[in-house]
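Asks: To be precise about what I am sending: the file is called data_38.cif and holds mmCIF, C-alpha atoms.
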```
data_start
loop_
_atom_site.label_atom_id
_atom_site.label_comp_id
_atom_site.auth_asym_id
_atom_site.auth_seq_id
_atom_site.Cartn_x
_atom_site.Cartn_y
_atom_site.Cartn_z
CA MET A 1 91.45 9.96 -37.78
CA LYS A 2 88.37 10.08 -39.98
CA GLU A 3 88.60 9.32 -43.71
CA LEU A 4 87.52 12.35 -45.69
CA SER A 5 86.23 12.68 -49.23
CA ALA A 6 85.90 16.07 -50.84
CA LYS A 7 83.17 16.64 -53.39
CA ASP A 8 84.62 19.62 -55.20
CA ASP A 9 82.40 21.13 -57.89
CA SER A 10 84.48 24.27 -58.41
CA SER A 11 85.88 23.07 -61.73
CA LEU A 12 82.41 22.25 -63.03
CA LYS A 13 80.95 25.56 -61.89
CA LYS A 14 83.79 27.42 -63.56
CA THR A 15 83.12 25.55 -66.80
CA VAL A 16 79.38 26.23 -66.56
CA MET A 17 80.05 29.95 -66.16
CA GLN A 18 82.51 29.97 -69.06
CA MET A 19 79.99 28.32 -71.35
CA ARG A 20 77.24 30.70 -70.30
CA GLU A 21 79.58 33.49 -71.29
CA TRP A 22 80.26 31.65 -74.58
CA ARG A 23 76.51 31.66 -75.27
CA ARG A 24 76.12 35.31 -74.29
CA ALA A 25 78.98 36.37 -76.55
CA ARG A 26 77.18 34.76 -79.49
CA GLY A 27 73.71 35.95 -78.56
CA ILE A 28 72.53 32.39 -77.97
CA PRO A 29 69.68 32.24 -75.46
CA GLU A 30 69.80 29.68 -72.66
CA PRO A 31 67.87 26.65 -73.97
CA GLU A 32 65.05 25.12 -71.96
CA SER A 33 66.12 21.97 -70.15
CA ASP A 34 64.35 18.68 -70.83
CA LEU A 35 66.27 15.88 -69.14
CA ALA A 36 63.94 13.11 -70.30
CA ALA A 37 64.40 14.15 -73.92
CA THR A 38 68.15 14.40 -73.40
CA ILE A 39 68.25 10.84 -72.07
CA ALA A 40 66.36 9.55 -75.11
CA TRP A 41 68.64 11.50 -77.42
CA TRP A 42 71.80 10.30 -75.65
CA LYS A 43 70.67 6.68 -75.75
CA ALA A 44 69.97 6.86 -79.45
CA MET A 45 73.28 8.55 -80.12
CA ARG A 46 75.37 6.18 -78.04
CA ALA A 47 73.47 2.94 -78.44
CA SER A 48 75.33 1.38 -81.32
CA PRO A 49 78.82 2.69 -81.89
CA ALA A 50 79.72 1.99 -85.47
CA GLU A 51 83.16 0.80 -86.41
CA GLY A 52 85.44 3.79 -86.44
CA GLY A 53 82.88 6.18 -84.99
CA HIS A 54 79.60 6.80 -83.21
CA ARG A 55 76.23 6.69 -84.86
CA ILE A 56 74.38 9.95 -85.02
CA LEU A 57 70.65 10.34 -84.87
CA VAL A 58 69.52 12.14 -88.00
CA LEU A 59 66.11 12.89 -89.42
CA ILE A 60 65.17 11.31 -92.75
CA GLU A 61 61.84 12.37 -94.18
CA PRO A 62 60.06 12.28 -97.51
CA ALA A 63 60.46 15.48 -99.47
CA ALA A 64 59.02 16.83 -102.69
CA GLU A 65 59.44 15.02 -106.01
CA ALA A 66 60.11 11.58 -104.60
CA GLU A 67 63.17 12.70 -102.70
CA TYR A 68 64.18 12.29 -99.10
CA GLN A 69 65.54 14.96 -96.84
CA ALA A 70 68.19 14.11 -94.25
CA SER A 71 68.93 16.76 -91.68
CA PHE A 72 71.39 17.56 -88.97
CA PRO A 73 71.83 20.96 -87.33
CA ASN A 74 72.74 23.46 -90.05
CA ILE A 75 72.77 20.82 -92.79
CA ARG A 76 70.04 19.61 -95.14
CA VAL A 77 70.60 17.40 -98.15
CA ARG A 78 68.40 15.40 -100.48
CA GLY A 79 68.68 12.07 -102.26
CA LYS A 80 66.52 9.86 -104.42
CA THR A 81 66.53 7.16 -101.74
CA PRO A 82 67.11 7.17 -97.97
CA ASP A 83 70.56 5.65 -98.51
CA GLU A 84 71.51 8.32 -101.02
CA ALA A 85 70.30 11.02 -98.64
CA LYS A 86 72.36 9.46 -95.84
CA ALA A 87 75.48 9.27 -97.99
CA ARG A 88 75.12 12.89 -99.02
CA LEU A 89 74.54 13.94 -95.43
CA ALA A 90 77.67 12.08 -94.32
CA LYS A 91 79.69 13.88 -96.98
CA ALA A 92 78.17 17.24 -96.15
CA LEU A 93 78.67 16.70 -92.43
CA ARG A 94 82.31 15.86 -92.91
CA HIS A 95 82.78 18.93 -95.10
CA TYR A 96 80.95 21.12 -92.60
CA LEU A 97 82.99 19.83 -89.65
CA ASP A 98 86.27 20.11 -91.51
CA ASN A 99 85.54 23.73 -92.33
CA SER A 100 84.22 24.51 -88.87
CA MET A 101 87.22 23.02 -87.15
CA ALA A 102 89.58 24.81 -89.51
CA GLU A 103 87.96 28.02 -88.35
CA GLY A 104 88.39 27.00 -84.74
CA GLU A 105 84.65 26.91 -84.18
CA VAL A 106 83.93 23.44 -82.90
CA VAL A 107 87.29 21.98 -81.96
CA ASP A 108 86.06 20.54 -78.71
CA THR A 109 82.43 20.01 -79.49
CA ILE A 110 82.53 16.84 -81.52
CA GLU A 111 83.50 13.64 -79.82
CA ILE A 112 82.91 11.58 -82.92
CA PRO A 113 85.67 11.23 -85.51
CA LEU A 114 85.10 13.35 -88.55
CA TYR A 115 84.67 10.27 -90.68
CA ALA A 116 81.94 8.72 -88.54
CA LEU A 117 79.17 6.80 -90.17
CA VAL A 118 75.86 8.58 -90.23
CA THR A 119 73.05 6.12 -89.75
CA PRO A 120 69.35 6.80 -89.30
CA VAL A 121 67.59 5.14 -86.41
CA PRO A 122 65.82 2.82 -86.86
CA ALA A 123 67.13 1.99 -90.29
CA GLN A 124 64.57 -0.70 -91.03
CA ALA A 125 61.67 1.62 -90.33
CA ILE A 126 63.18 4.20 -92.64
CA ARG A 127 63.52 1.64 -95.43
CA GLU A 128 59.95 0.49 -95.03
CA GLU A 129 58.77 4.04 -95.03
CA GLY A 130 60.75 4.68 -98.17
CA GLU A 131 59.35 1.64 -99.93
CA ALA A 132 55.84 2.62 -98.99
CA TYR A 133 56.45 6.11 -100.26
CA GLU A 134 57.88 4.90 -103.53
CA ALA A 135 54.98 2.52 -103.98
CA GLY A 136 52.67 5.49 -103.76
CA ASN A 137 51.12 4.33 -100.52
CA GLU A 138 50.51 6.36 -97.41
CA HIS A 139 53.63 8.06 -96.23
CA VAL A 140 54.66 10.03 -93.21
CA GLY A 141 54.79 13.67 -94.13
CA MET B 1 61.16 -4.32 -61.38
CA THR B 2 61.37 -2.13 -58.33
CA GLU B 3 63.63 -2.97 -55.44
CA ARG B 4 64.24 -1.10 -52.27
CA ALA B 5 67.84 -0.01 -52.35
CA ASN B 6 69.80 -2.45 -50.25
CA GLU B 7 73.12 -4.15 -50.01
CA GLU B 8 72.20 -6.70 -52.66
CA VAL B 9 71.43 -4.02 -55.21
CA PHE B 10 74.76 -2.33 -54.76
CA SER B 11 76.80 -5.50 -55.11
CA SER B 12 74.95 -6.71 -58.19
CA ALA B 13 76.38 -7.36 -61.61
CA PRO B 14 75.09 -4.81 -64.13
CA ARG B 15 72.46 -7.10 -65.60
CA GLN B 16 70.98 -7.54 -62.12
CA LEU B 17 70.64 -3.86 -61.40
CA PRO B 18 67.03 -2.89 -60.81
CA ARG B 19 65.08 -0.86 -63.31
CA GLU B 20 64.01 1.49 -60.51
CA LEU B 21 65.80 2.57 -57.39
CA ASP B 22 63.81 3.31 -54.27
CA LEU B 23 65.64 5.69 -51.95
CA SER B 24 62.58 6.37 -49.82
CA ASP B 25 64.55 5.66 -46.62
CA LEU B 26 66.74 8.64 -47.43
CA ALA B 27 64.30 10.95 -49.22
CA PRO B 28 63.03 13.05 -46.27
CA GLU B 29 66.53 13.82 -45.02
CA MET B 30 67.80 14.50 -48.53
CA GLU B 31 64.96 16.94 -49.13
CA ARG B 32 65.68 18.65 -45.81
CA LEU B 33 69.34 19.08 -46.74
CA TRP B 34 68.38 20.44 -50.15
CA THR B 35 66.13 23.01 -48.51
CA ARG B 36 68.98 24.06 -46.22
CA SER B 37 71.26 24.44 -49.27
CA ILE B 38 69.35 27.49 -50.46
CA ARG B 39 69.95 30.27 -47.97
CA HIS B 40 69.20 33.52 -49.75
CA LEU B 41 68.90 33.32 -53.51
CA ASP B 42 68.38 37.08 -53.68
CA LYS B 43 71.80 37.45 -52.06
CA ARG B 44 73.17 34.54 -54.12
CA GLN B 45 73.89 32.59 -50.94
CA VAL B 46 73.88 28.83 -51.31
CA VAL B 47 75.78 26.07 -49.59
CA GLU B 48 76.32 22.40 -50.34
CA TRP B 49 75.30 19.83 -47.76
CA GLY B 50 76.48 16.25 -47.73
CA ALA B 51 76.31 13.02 -45.79
CA THR B 52 77.48 9.43 -45.80
CA ILE B 53 75.00 6.71 -46.75
CA VAL B 54 75.14 3.64 -44.54
CA LEU B 55 73.27 0.36 -44.33
CA THR B 56 72.07 -0.20 -40.79
CA LYS B 57 71.77 -3.46 -38.89
CA ASP B 58 68.09 -3.66 -39.79
CA LYS B 59 69.01 -3.31 -43.47
CA ARG B 60 67.78 0.21 -43.99
CA LEU B 61 69.64 3.05 -45.60
CA ARG B 62 70.44 6.07 -43.47
CA LEU B 63 72.33 9.34 -43.82
CA VAL B 64 75.04 9.86 -41.20
CA GLY B 65 77.86 12.34 -40.75
CA ILE B 66 75.86 15.22 -42.15
CA VAL B 67 78.14 18.15 -42.96
CA GLU B 68 77.84 21.63 -44.38
CA GLY B 69 80.23 22.70 -47.09
CA ASN B 70 80.47 25.90 -49.07
CA ALA B 71 78.96 27.11 -52.34
CA GLU B 72 80.93 24.69 -54.48
CA SER B 73 82.23 21.84 -52.36
CA VAL B 74 81.63 19.72 -49.31
CA THR B 75 84.00 17.37 -47.49
CA LEU B 76 82.40 14.17 -46.23
CA LYS B 77 83.42 11.98 -43.32
CA LEU B 78 83.34 8.43 -44.59
CA ASP B 79 83.92 6.53 -41.34
CA VAL B 80 80.87 4.68 -40.05
CA ASP B 81 79.88 3.19 -36.71
CA GLU B 82 80.33 -0.44 -35.87
CA GLY B 83 77.47 -2.54 -37.20
CA GLU B 84 76.79 -0.14 -40.03
CA GLU B 85 78.11 -0.58 -43.54
CA PHE B 86 79.45 2.20 -45.72
CA ILE B 87 77.36 2.37 -48.91
CA GLY B 88 78.22 5.74 -50.42
CA THR B 89 77.56 9.44 -50.20
CA PHE B 90 74.95 12.10 -50.82
CA HIS B 91 75.40 15.78 -51.47
CA THR B 92 73.48 18.73 -52.85
CA HIS B 93 74.15 20.89 -55.90
CA PRO B 94 72.76 24.39 -55.36
CA TYR B 95 73.64 27.22 -57.75
CA GLU B 96 73.74 30.85 -56.77
CA ASP B 97 71.38 31.88 -59.58
CA GLY B 98 68.82 29.24 -58.64
CA THR B 99 69.70 26.80 -61.39
CA THR B 100 68.63 23.26 -60.49
CA GLY B 101 68.81 19.90 -62.21
CA MET B 102 72.62 19.88 -62.22
CA ALA B 103 74.03 16.37 -61.87
CA PHE B 104 77.58 15.17 -61.10
CA GLY B 105 80.80 17.02 -61.74
CA GLY B 106 83.91 15.12 -62.80
CA ASP B 107 85.40 15.31 -59.34
CA ASP B 108 82.19 13.87 -57.87
CA ILE B 109 82.42 10.85 -60.15
CA ALA B 110 86.13 10.35 -59.58
CA SER B 111 85.81 10.47 -55.81
CA ALA B 112 82.84 8.09 -55.91
CA ILE B 113 85.01 5.59 -57.78
CA ASN B 114 88.20 6.11 -55.78
CA TYR B 115 86.52 5.95 -52.37
CA GLY B 116 84.69 2.73 -53.17
CA GLU B 117 81.19 4.17 -53.07
CA LYS B 118 78.54 1.67 -54.09
CA ILE B 119 76.14 4.51 -54.70
CA SER B 120 76.64 8.25 -54.99
CA VAL B 121 73.61 10.51 -54.91
CA VAL B 122 73.19 14.19 -55.82
CA GLN B 123 70.06 16.26 -55.34
CA SER B 124 69.64 19.53 -57.22
CA GLY B 125 66.16 20.94 -56.75
CA LYS B 126 63.61 18.24 -57.43
CA ASP B 127 66.05 16.23 -59.53
CA ILE B 128 67.91 13.35 -57.93
CA PHE B 129 70.77 11.59 -59.69
CA ALA B 130 72.52 8.41 -58.62
CA LEU B 131 75.66 6.61 -59.76
CA VAL B 132 75.85 2.92 -58.92
CA ARG B 133 79.13 1.02 -59.02
CA THR B 134 79.16 -2.22 -61.03
CA GLU B 135 81.56 -5.13 -61.30
CA GLY B 136 83.16 -3.42 -64.26
CA THR B 137 83.84 -0.10 -62.54
CA PRO B 138 87.59 0.44 -62.10
CA ALA B 139 88.98 0.59 -58.58
CA ARG B 140 90.78 3.84 -59.24
CA VAL B 141 90.71 6.65 -61.78
CA ASP B 142 92.77 9.77 -62.29
CA PRO B 143 90.55 12.54 -60.86
CA ARG B 144 92.12 15.29 -62.93
CA ARG B 145 91.74 13.32 -66.14
CA LEU B 146 88.12 12.41 -65.45
CA ASP B 147 87.32 15.99 -64.48
CA HIS B 148 88.95 17.26 -67.67
CA GLU B 149 87.11 14.69 -69.81
CA LEU B 150 83.78 15.62 -68.29
CA ASN B 151 84.32 19.36 -68.65
CA MET B 152 85.34 18.96 -72.28
CA ALA B 153 82.31 16.81 -73.01
CA TYR B 154 80.14 19.40 -71.24
CA ARG B 155 81.56 22.18 -73.42
CA GLY B 156 80.89 20.14 -76.51
CA TYR B 157 77.29 19.46 -75.60
CA VAL B 158 76.65 23.12 -74.81
CA LYS B 159 78.04 24.06 -78.21
CA MET B 160 75.70 21.51 -79.76
CA GLY B 161 72.81 23.50 -78.29
CA LEU B 162 72.02 21.65 -75.08
CA ALA B 163 70.96 23.47 -71.91
CA ASP B 164 73.33 23.46 -68.91
CA GLN B 165 71.48 20.64 -67.19
CA GLU B 166 71.18 18.61 -70.38
CA ALA B 167 74.84 19.04 -71.26
CA LEU B 168 75.93 17.96 -67.80
CA LEU B 169 73.65 14.94 -67.87
CA ALA B 170 74.96 13.87 -71.27
CA ALA B 171 78.56 14.36 -70.12
CA ASP B 172 77.82 12.31 -66.99
CA LEU B 173 76.35 9.53 -69.09
CA ASP B 174 79.44 9.52 -71.27
CA ALA B 175 81.57 9.13 -68.14
CA CYS B 176 79.32 6.33 -66.86
CA LYS B 177 79.67 4.52 -70.15
CA ARG B 178 83.44 4.94 -70.10
CA TYR B 179 83.89 3.93 -66.45
CA ARG B 180 81.13 1.33 -66.39
CA LEU B 181 78.88 2.94 -63.84
CA ALA B 182 75.10 2.65 -63.78
CA PHE B 183 73.14 5.91 -63.72
CA TYR B 184 69.68 6.62 -62.32
CA TRP B 185 67.55 9.74 -62.41
CA GLY B 186 64.28 10.71 -60.77
CA ARG B 187 62.30 13.66 -59.54
CA VAL B 188 61.02 14.08 -56.01
CA PRO B 189 58.94 12.24 -54.84
CA GLN B 190 59.20 9.58 -57.55
CA ARG B 191 61.56 6.63 -57.60
CA LEU B 192 64.74 6.86 -59.61
CA LEU B 193 64.67 5.19 -63.02
CA GLU B 194 67.59 3.45 -64.63
CA VAL B 195 69.00 5.64 -67.37
CA HIS B 196 72.16 3.71 -68.20
CA LYS B 197 73.81 0.51 -67.14
CA PRO B 198 76.99 -0.90 -68.62
#
```
Can the structure from this file be put into structure tokens for me?
Replies:
Amino acid sequence: MKELSAKDDSSLKKTVMQMREWRRARGIPEPESDLAATIAWWKAMRASPAEGGHRILVLIEPAAEAEYQASFPNIRVRGKTPDEAKARLAKALRHYLDNSMAEGEVVDTIEIPLYALVTPVPAQAIREEGEAYEAGNEHVG
Amino acid sequence: MTERANEEVFSSAPRQLPRELDLSDLAPEMERLWTRSIRHLDKRQVVEWGATIVLTKDKRLRLVGIVEGNAESVTLKLDVDEGEEFIGTFHTHPYEDGTTGMAFGGDDIASAINYGEKISVVQSGKDIFALVRTEGTPARVDPRRLDHELNMAYRGYVKMGLADQEALLAADLDACKRYRLAFYWGRVPQRLLEVHKP
């Protein structure tokens, strides 16, 4: 008797259809797929799990009046230094997720604990950029 | 480093896995099976095709036991002839609406682990994905649990704004990290590049 192995994708296809319906119900268009970009994003997100949580790739950039802007989808905060911006983003992110989950919006979307550390990547480059900015040198705008 | 896929590659410790995977021995047949997977998109008729990957006496990879499934599954015959070594499986992922670039489902990954596949390959359009077993991969997993984990991760990634293909890829990579599988991706006719290794 031959050994048989079933490759059953019915569960996946059902989930794909459910999530397409989820998008449609919210008027969210189907995003364009870019697998190479997804791989880079996933690697950055999963590369260095921090104690008690995963690290999240966030954008830190110089803003007006010697401030820095840290951003994550739906959240933007500012601080006088990159570290202050990160700390404020972590607090805002936790608040945002707490509220969202309380409303039943993102219960199964976030794999990270709500108290995860939020760390820019690469941190050293951000610091150097910040120092250069504060010193009045060329900065990345 | 590029290595032709062979027995040595599939028995390597993770650090010895090649940066690129050359499946050129299998590529023409895989492409033929993909083409046969799309029957009539206008009538939403697709069918999965699959086969067993073996290593022949002359150390080349070959697809044997080619079988036709249905729109969402295919059942593979894993027995191989004397003198040939079972390496793993290949199957296609067509979608009725023409969506391509869809990688492994949770059941695909679980069966690859539980049936001792050294490599499991999926082709969906021009995208080819491969899981490679490592020394750290468990001998057995709970298929229902893995399937549930992957579907939940997929849902999460979609809600974060990723496209279907992107969400599935990210969920697959999470599963590979958890179950210590290596993951490769490439587009026809290029070689597959290492995306993740434990």
Asks: Give me, as CSV, the closest atom pair and its distance (Å, one decimal) for every residue of chain A within a cut-off of 7 Å of chain B, counting only C-alpha atoms, rows sorted by chain and rising number.
Replies:
```
residue,atom,partner,partner_atom,distance
A:Lys2,CA,B:Asp79,CA,5.9
A:Glu3,CA,B:Leu78,CA,5.4
A:Leu4,CA,B:Lys77,CA,4.8
A:Ser5,CA,B:Leu76,CA,5.1
A:Ala6,CA,B:Thr75,CA,4.1
A:Lys7,CA,B:Val74,CA,5.3
A:Asp8,CA,B:Ser73,CA,4.3
A:Asp9,CA,B:Glu72,CA,5.1
A:Ser10,CA,B:Glu72,CA,5.3
A:Leu12,CA,B:Gly105,CA,5.6
A:Thr15,CA,B:Asn151,CA,6.6
A:Met19,CA,B:Arg155,CA,6.7
A:Glu30,CA,B:Ala163,CA,6.4
A:Pro31,CA,B:Ala163,CA,4.9
A:Glu32,CA,B:Ala163,CA,6.1
A:Ser33,CA,B:Ala163,CA,5.4
A:Asp34,CA,B:Glu166,CA,6.8
A:Leu35,CA,B:Glu166,CA,5.8
A:Thr38,CA,B:Glu166,CA,6.0
A:Trp42,CA,B:Ala170,CA,6.5
A:Asp108,CA,B:Gly156,CA,5.6
A:Thr109,CA,B:Gly156,CA,3.4
A:Ile110,CA,B:Gly156,CA,6.2
```
Asks: Taking 3 positions as the minimum chain separation for residues in the same chain, which residues sit within 7 Å of stretch 40-46 of chain B when counting all atoms listed in the file? Answer as a CSV table (one decimal) with C-alpha atoms, in the coordinates of the input.
Replies:
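Just written: part.csv:
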```csv
chain,number,residue,atom,x,y,z
B,37,SER,CA,71.3,24.4,-49.3
B,71,ALA,CA,79.0,27.1,-52.3
B,94,PRO,CA,72.8,24.4,-55.4
B,95,TYR,CA,73.6,27.2,-57.8
B,96,GLU,CA,73.7,30.8,-56.8
B,97,ASP,CA,71.4,31.9,-59.6
B,98,GLY,CA,68.8,29.2,-58.6
```
Asks: Which residues match the PyMOL selection byres ((chain B and resi 86) around 10) in the file above, as a ChimeraX atom specification?
Replies: /B:7,52-56,61,64,78-81,83-85,87-89,116-119
Asks: Mind pulling up the distance from atom CA of A:Arg26 to atom CA of B:Thr100?
Replies: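 Computing the Euclidean distance for atom CA of B:Thr100 and atom CA of A:Arg26 yields 23.8 Å.
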Asks: Using atom CA of A:Arg20 and atom CA of B:Ala130 as the two end points, give the distance in Å to one decimal.
Replies: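 Pair atom CA of A:Arg20 / atom CA of B:Ala130 returns 25.6 Å.
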Asks: So what do you get for atom CA of B:Glu135 versus atom CA of B:Arg187, distance-wise?
Replies: 27.0 Å
Asks: Can you pull out the residues contacting B:Trp34? Cut-off 8 Å, using all atoms listed in the file, and skip same-chain residues under 3 positions away; I want them as a JSON list (two decimals) with C-alpha atoms, keeping the file's coordinate frame.
Replies:
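Writing the result to out02.json gives the following:
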```
[["chain", "number", "residue", "atom", "x", "y", "z"],
["B", 30, "MET", "CA", 67.80, 14.50, -48.53],
["B", 31, "GLU", "CA", 64.96, 16.94, -49.13],
["B", 37, "SER", "CA", 71.26, 24.44, -49.27],
["B", 38, "ILE", "CA", 69.35, 27.49, -50.46],
["B", 49, "TRP", "CA", 75.30, 19.83, -47.76],
["B", 92, "THR", "CA", 73.48, 18.73, -52.85],
["B", 94, "PRO", "CA", 72.76, 24.39, -55.36],
["B", 123, "GLN", "CA", 70.06, 16.26, -55.34],
["B", 124, "SER", "CA", 69.64, 19.53, -57.22],
["B", 125, "GLY", "CA", 66.16, 20.94, -56.75]]
```
